[in-house]
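Asker: First the structure, then my questions, so here it is.
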Amino acid sequence: MNNVIEALHIYDEHKRAILSHTYTSRPLSAAHLLPLYLEHPAPRPSLIYLSNTNPSTLVFSLEHADLLYLATTSSDIEPLLVLEFLHRVIDAFEEFLGAPVLAHKIEANYDVVAQLLTEMCDAGIISTTEPNALRDVVEVEGLLGKLLGSINLPTKPLSSSNPASLIAQNGPSLPWRRANVRHTSNELYADVVETLSVTLAPSGRPIAAFANGTIAFTSKVSGVPDILVSLTGPSGKHNLKSIMELPVFHPCVRLNRWWESPGELSFIPPDGRFILAGYEVDLLPPANSGGGGGIGHNLKLPVSIEVKTCLGSVGSDFDVRLNIHKLFGPTAQSMGGPSARGGATGGRGFGGAHAGTAASPSLQDVVVSVPLPSDVRNLSDVRSSKGDASYSPGDNVLVWHIPAKDISAGTSYFSLRCTVVGPLQDDAAEEDATGFGFGKDYSYDEPYQGSTAAARRPKAAARGSEERDGRKVAQNKILMPSSASVSFSVKGWIPSGIKVESIVIDSRKSRGLGEGIKPYKGVKYLTISKGGVEIRC
């Protein structure tokens, strides 16, 4: 039988088998499988073919939180299907057991884990993997139930009702939303998070600039709501489809609505927080592509960095300069638009004049990292105008932290100057260039043939000093950094300019909302750059 998973084994950090779940057939045992897997040298691929077993076995592996997950099959199967299943298993464990998934959590909740693995894969065929649907069919015993069970008292009356039949009768036929959802406080929140990646030339000109965006949505609404989220770009909706490249959506999104009307996301959401959509934005589109909404022609970054090398008399110093750009004024407020009021009419929003909103973005967690060559032994002098700078010889990285209080106080210019120290053998080579102990000057102080030699000695000494300085400059040039990167986060601003225009519940298509319910709505924007802005030296 094809497309069948035969078994799933989980090992702890000591490679001890803590769980083995067999779905079908007679697969390899956990004790027999592990040595065959470890025979392959690290780094091991996600798919390994074991030809010396009978029958031949495919082993799919995934490591997460010091746990090793191995799924096996002896038939043909789509590799990405099994790997995605392993990821879904980890997501389900985190949902029911809490993150991170550790060995003692699996051992202490084996009853829940066994139910999850049985529901997610029936006789080796992958079935229910959505956490909301698993909530309806997996029974989780609470703290009181465990206490009563330990003293052999019944926790609840016996019932012959089948939970699956109750779900089919009362619940919606949506695999991603559990049945009979009820909330005392109805809320709808959207978080637009973009990860910035920019490469700058030594002159500061951007070479490449991308933003990878994620729209995380939180839905805590009773019943079965039908929601419409409207997105817009810097210049409106007409070119939003060209701005958002490579879009991906949650299965709940109606794709036909998006292709017919780009910018409109119509869906029935899962209960709780989930990833609604993802996309990529090229902040430097080609000139003949219409500019992509004008993003590339007006690329604005909250920070800019400049590195100057080979400074000082012998070229052993380098200077790092960081500028904080004041672009969070009226331009940012106009970018916020309706989202500055929370993304929709009514309810509790995140806008206003508070720090970290679209009207007043806040720059935080500014860290400058300067990787240095492995030949650098130390930094003898580190002088920063603000913040704390430290050098780690083991990692060969200079890290400079800028305090948030200095940024909020209005300081827009920061500088850091350092002096590199090369290897120890450079000093010995400087004193003895030949290596035979003849590096010192043994000439007589008295003139040997008249005063002509005495007159030439200062010129020769000056010429020798210039040669030594030239050698030092050449040696120190190799020790200079070749790049520097900046990490930061900005609340209330994203580089693409995409914003949530509105969040609306369609009362005609929704079911079980109740009369007069107006959920709280809000939108937040966040930009994250983990070493994303890099300049080449």
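A note on labels: chains of the structure tokens are A, B, ... as shown, every chain counts residues from 1, and ligands are counted from 1 in their shown order.
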Could you pull the residues within 8 Å of stretch 196-207 of chain A, counting only C-alpha atoms, minus those fewer than 5 positions along the same chain, as a list in words?
Answerer: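 The filter keeps Asn212, Ile305, Glu306, Val307, Pro495, Thr527, Ile528, Ser529, Gly531, Gly532, Val533, Glu534, Ile535, Arg536 and Cys537 of chain A.
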Asker: May I have the selected residues written with N, CA, C and O atoms, as a JSON list (two decimals), in the first residue's frame?
Answerer:
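What landed in result.json:
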[["chain", "number", "residue", "atom", "x", "y", "z"],
["A", 212, "ASN", "N", 9.93, 40.11, 4.27],
["A", 212, "ASN", "CA", 9.10, 38.92, 4.36],
["A", 212, "ASN", "C", 8.04, 39.16, 5.43],
["A", 212, "ASN", "O", 8.37, 39.34, 6.62],
["A", 305, "ILE", "N", 24.08, 52.74, 8.60],
["A", 305, "ILE", "CA", 25.36, 52.43, 9.21],
["A", 305, "ILE", "C", 26.47, 52.73, 8.21],
["A", 305, "ILE", "O", 26.30, 52.57, 7.00],
["A", 306, "GLU", "N", 27.60, 53.16, 8.73],
["A", 306, "GLU", "CA", 28.78, 53.48, 7.92],
["A", 306, "GLU", "C", 30.01, 52.95, 8.63],
["A", 306, "GLU", "O", 30.15, 53.14, 9.85],
["A", 307, "VAL", "N", 30.90, 52.31, 7.88],
["A", 307, "VAL", "CA", 32.12, 51.74, 8.44],
["A", 307, "VAL", "C", 33.31, 52.29, 7.67],
["A", 307, "VAL", "O", 33.36, 52.22, 6.44],
["A", 495, "PRO", "N", 8.19, 48.32, 6.51],
["A", 495, "PRO", "CA", 8.82, 48.96, 5.35],
["A", 495, "PRO", "C", 7.99, 48.89, 4.08],
["A", 495, "PRO", "O", 8.12, 49.75, 3.20],
["A", 527, "THR", "N", 8.17, 45.54, 12.79],
["A", 527, "THR", "CA", 9.30, 45.24, 11.89],
["A", 527, "THR", "C", 10.43, 44.66, 12.71],
["A", 527, "THR", "O", 10.81, 45.23, 13.74],
["A", 528, "ILE", "N", 10.97, 43.55, 12.25],
["A", 528, "ILE", "CA", 12.06, 42.87, 12.94],
["A", 528, "ILE", "C", 13.23, 42.73, 11.97],
["A", 528, "ILE", "O", 13.04, 42.30, 10.83],
["A", 529, "SER", "N", 14.41, 43.11, 12.43],
["A", 529, "SER", "CA", 15.62, 42.95, 11.62],
["A", 529, "SER", "C", 16.69, 42.33, 12.50],
["A", 529, "SER", "O", 17.26, 43.01, 13.37],
["A", 531, "GLY", "N", 19.99, 41.34, 12.26],
["A", 531, "GLY", "CA", 21.16, 41.44, 11.40],
["A", 531, "GLY", "C", 20.78, 41.64, 9.95],
["A", 531, "GLY", "O", 21.57, 41.33, 9.05],
["A", 532, "GLY", "N", 19.55, 42.13, 9.72],
["A", 532, "GLY", "CA", 19.03, 42.22, 8.36],
["A", 532, "GLY", "C", 19.60, 43.36, 7.54],
["A", 532, "GLY", "O", 19.65, 43.27, 6.31],
["A", 533, "VAL", "N", 20.02, 44.45, 8.18],
["A", 533, "VAL", "CA", 20.61, 45.58, 7.45],
["A", 533, "VAL", "C", 22.12, 45.43, 7.51],
["A", 533, "VAL", "O", 22.74, 45.62, 8.56],
["A", 534, "GLU", "N", 22.72, 45.04, 6.39],
["A", 534, "GLU", "CA", 24.16, 44.74, 6.35],
["A", 534, "GLU", "C", 24.83, 45.63, 5.33],
["A", 534, "GLU", "O", 24.32, 45.83, 4.22],
["A", 535, "ILE", "N", 25.96, 46.18, 5.72],
["A", 535, "ILE", "CA", 26.75, 47.02, 4.82],
["A", 535, "ILE", "C", 28.09, 46.35, 4.56],
["A", 535, "ILE", "O", 28.70, 45.78, 5.47],
["A", 536, "ARG", "N", 28.50, 46.38, 3.31],
["A", 536, "ARG", "CA", 29.81, 45.82, 2.93],
["A", 536, "ARG", "C", 30.88, 46.91, 3.02],
["A", 536, "ARG", "O", 30.64, 48.06, 2.66],
["A", 537, "CYS", "N", 32.05, 46.52, 3.48],
["A", 537, "CYS", "CA", 33.14, 47.48, 3.64],
["A", 537, "CYS", "C", 34.07, 47.46, 2.43],
["A", 537, "CYS", "O", 34.24, 46.42, 1.81]]
Asker: Taking only C-alpha atoms into account, name the residue in A:Val500, A:Ala409, A:Ala190, A:Ile494 that is nearest to A:Phe210.
Answerer: A:Ile494
Asker: With distances taken over only C-alpha atoms, which residue among A:Ala211, A:Val486, A:Ile10, A:Ala216 lies nearest A:Leu246?
Answerer: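 Among the listed residues, the smallest separation from A:Leu246 belongs to A:Ala211.
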Asker: Which residue gives the smallest distance to A:Ser482 among A:Thr309, A:Ser219, A:Ser51, A:Ser75, with only C-alpha atoms counted?
Answerer: A:Thr309
Asker: Tell me, which residues of stretch 72-136 of chain A carry DSSP strand (DSSP E or B), written as an MDAnalysis selection string?
Answerer: chainID A and resid 72:73 121:122 125:126
Asker: Residues within 6 Å of A:Gly492, please, as a PyMOL selection string. Count only C-alpha atoms; anything in the same chain fewer than 6 positions from it doesn't count.
Answerer: chain A and resi 356-358+361+525-526
Asker: Suppose we keep N, CA, C and O atoms; can you now write the selection as an mmCIF file, in the first residue's frame?
Answerer:
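selection36.cif written:
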data_model
loop_
_atom_site.group_PDB
_atom_site.id
_atom_site.type_symbol
_atom_site.label_atom_id
_atom_site.label_comp_id
_atom_site.auth_asym_id
_atom_site.auth_seq_id
_atom_site.Cartn_x
_atom_site.Cartn_y
_atom_site.Cartn_z
ATOM 1 N N GLY A 356 4.840 53.226 19.899
ATOM 2 C CA GLY A 356 4.694 51.891 19.364
ATOM 3 C C GLY A 356 3.488 51.717 18.473
ATOM 4 O O GLY A 356 3.159 50.587 18.104
ATOM 5 N N THR A 357 2.814 52.804 18.109
ATOM 6 C CA THR A 357 1.673 52.741 17.207
ATOM 7 C C THR A 357 2.052 53.342 15.865
ATOM 8 O O THR A 357 3.154 53.881 15.681
ATOM 9 N N ALA A 358 1.119 53.247 14.906
ATOM 10 C CA ALA A 358 1.398 53.787 13.574
ATOM 11 C C ALA A 358 1.588 55.289 13.606
ATOM 12 O O ALA A 358 2.298 55.856 12.769
ATOM 13 N N PRO A 361 5.695 55.461 15.923
ATOM 14 C CA PRO A 361 6.495 54.235 16.005
ATOM 15 C C PRO A 361 7.669 54.391 16.955
ATOM 16 O O PRO A 361 8.186 55.493 17.163
ATOM 17 N N TYR A 525 1.492 46.720 14.021
ATOM 18 C CA TYR A 525 2.534 46.573 13.005
ATOM 19 C C TYR A 525 3.883 46.420 13.713
ATOM 20 O O TYR A 525 4.167 47.102 14.702
ATOM 21 N N LEU A 526 4.701 45.529 13.193
ATOM 22 C CA LEU A 526 6.003 45.268 13.803
ATOM 23 C C LEU A 526 7.007 44.913 12.719
ATOM 24 O O LEU A 526 6.718 44.099 11.829
#
Asker: Please provide the set of residues having any atom within 9 Å of A:Gly512, restricted to only C-alpha atoms, with same-chain residues fewer than 6 positions apart removed, written as a compact mmCIF listing (two decimals) with N, CA, C and O atoms, in the first residue's frame.
Answerer:
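Dumped everything to part-v6.txt:
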# COMPACT_ATOMS: atom_id res chain seq x y z
N ASN A 180 -19.02 24.51 18.62
CA ASN A 180 -19.63 25.15 19.79
C ASN A 180 -18.66 26.10 20.50
O ASN A 180 -18.40 26.00 21.70
N SER A 222 -17.59 34.04 19.31
CA SER A 222 -18.50 32.92 19.49
C SER A 222 -19.16 32.56 18.16
O SER A 222 -19.29 33.39 17.26
N GLY A 223 -19.59 31.31 18.07
CA GLY A 223 -20.28 30.85 16.88
C GLY A 223 -19.33 30.57 15.73
O GLY A 223 -18.18 30.17 15.91
N VAL A 224 -19.85 30.85 14.53
CA VAL A 224 -19.07 30.65 13.30
C VAL A 224 -19.06 31.97 12.54
O VAL A 224 -19.95 32.24 11.72
N PRO A 225 -18.07 32.84 12.79
CA PRO A 225 -18.05 34.14 12.12
C PRO A 225 -17.48 34.03 10.71
O PRO A 225 -16.59 33.22 10.44
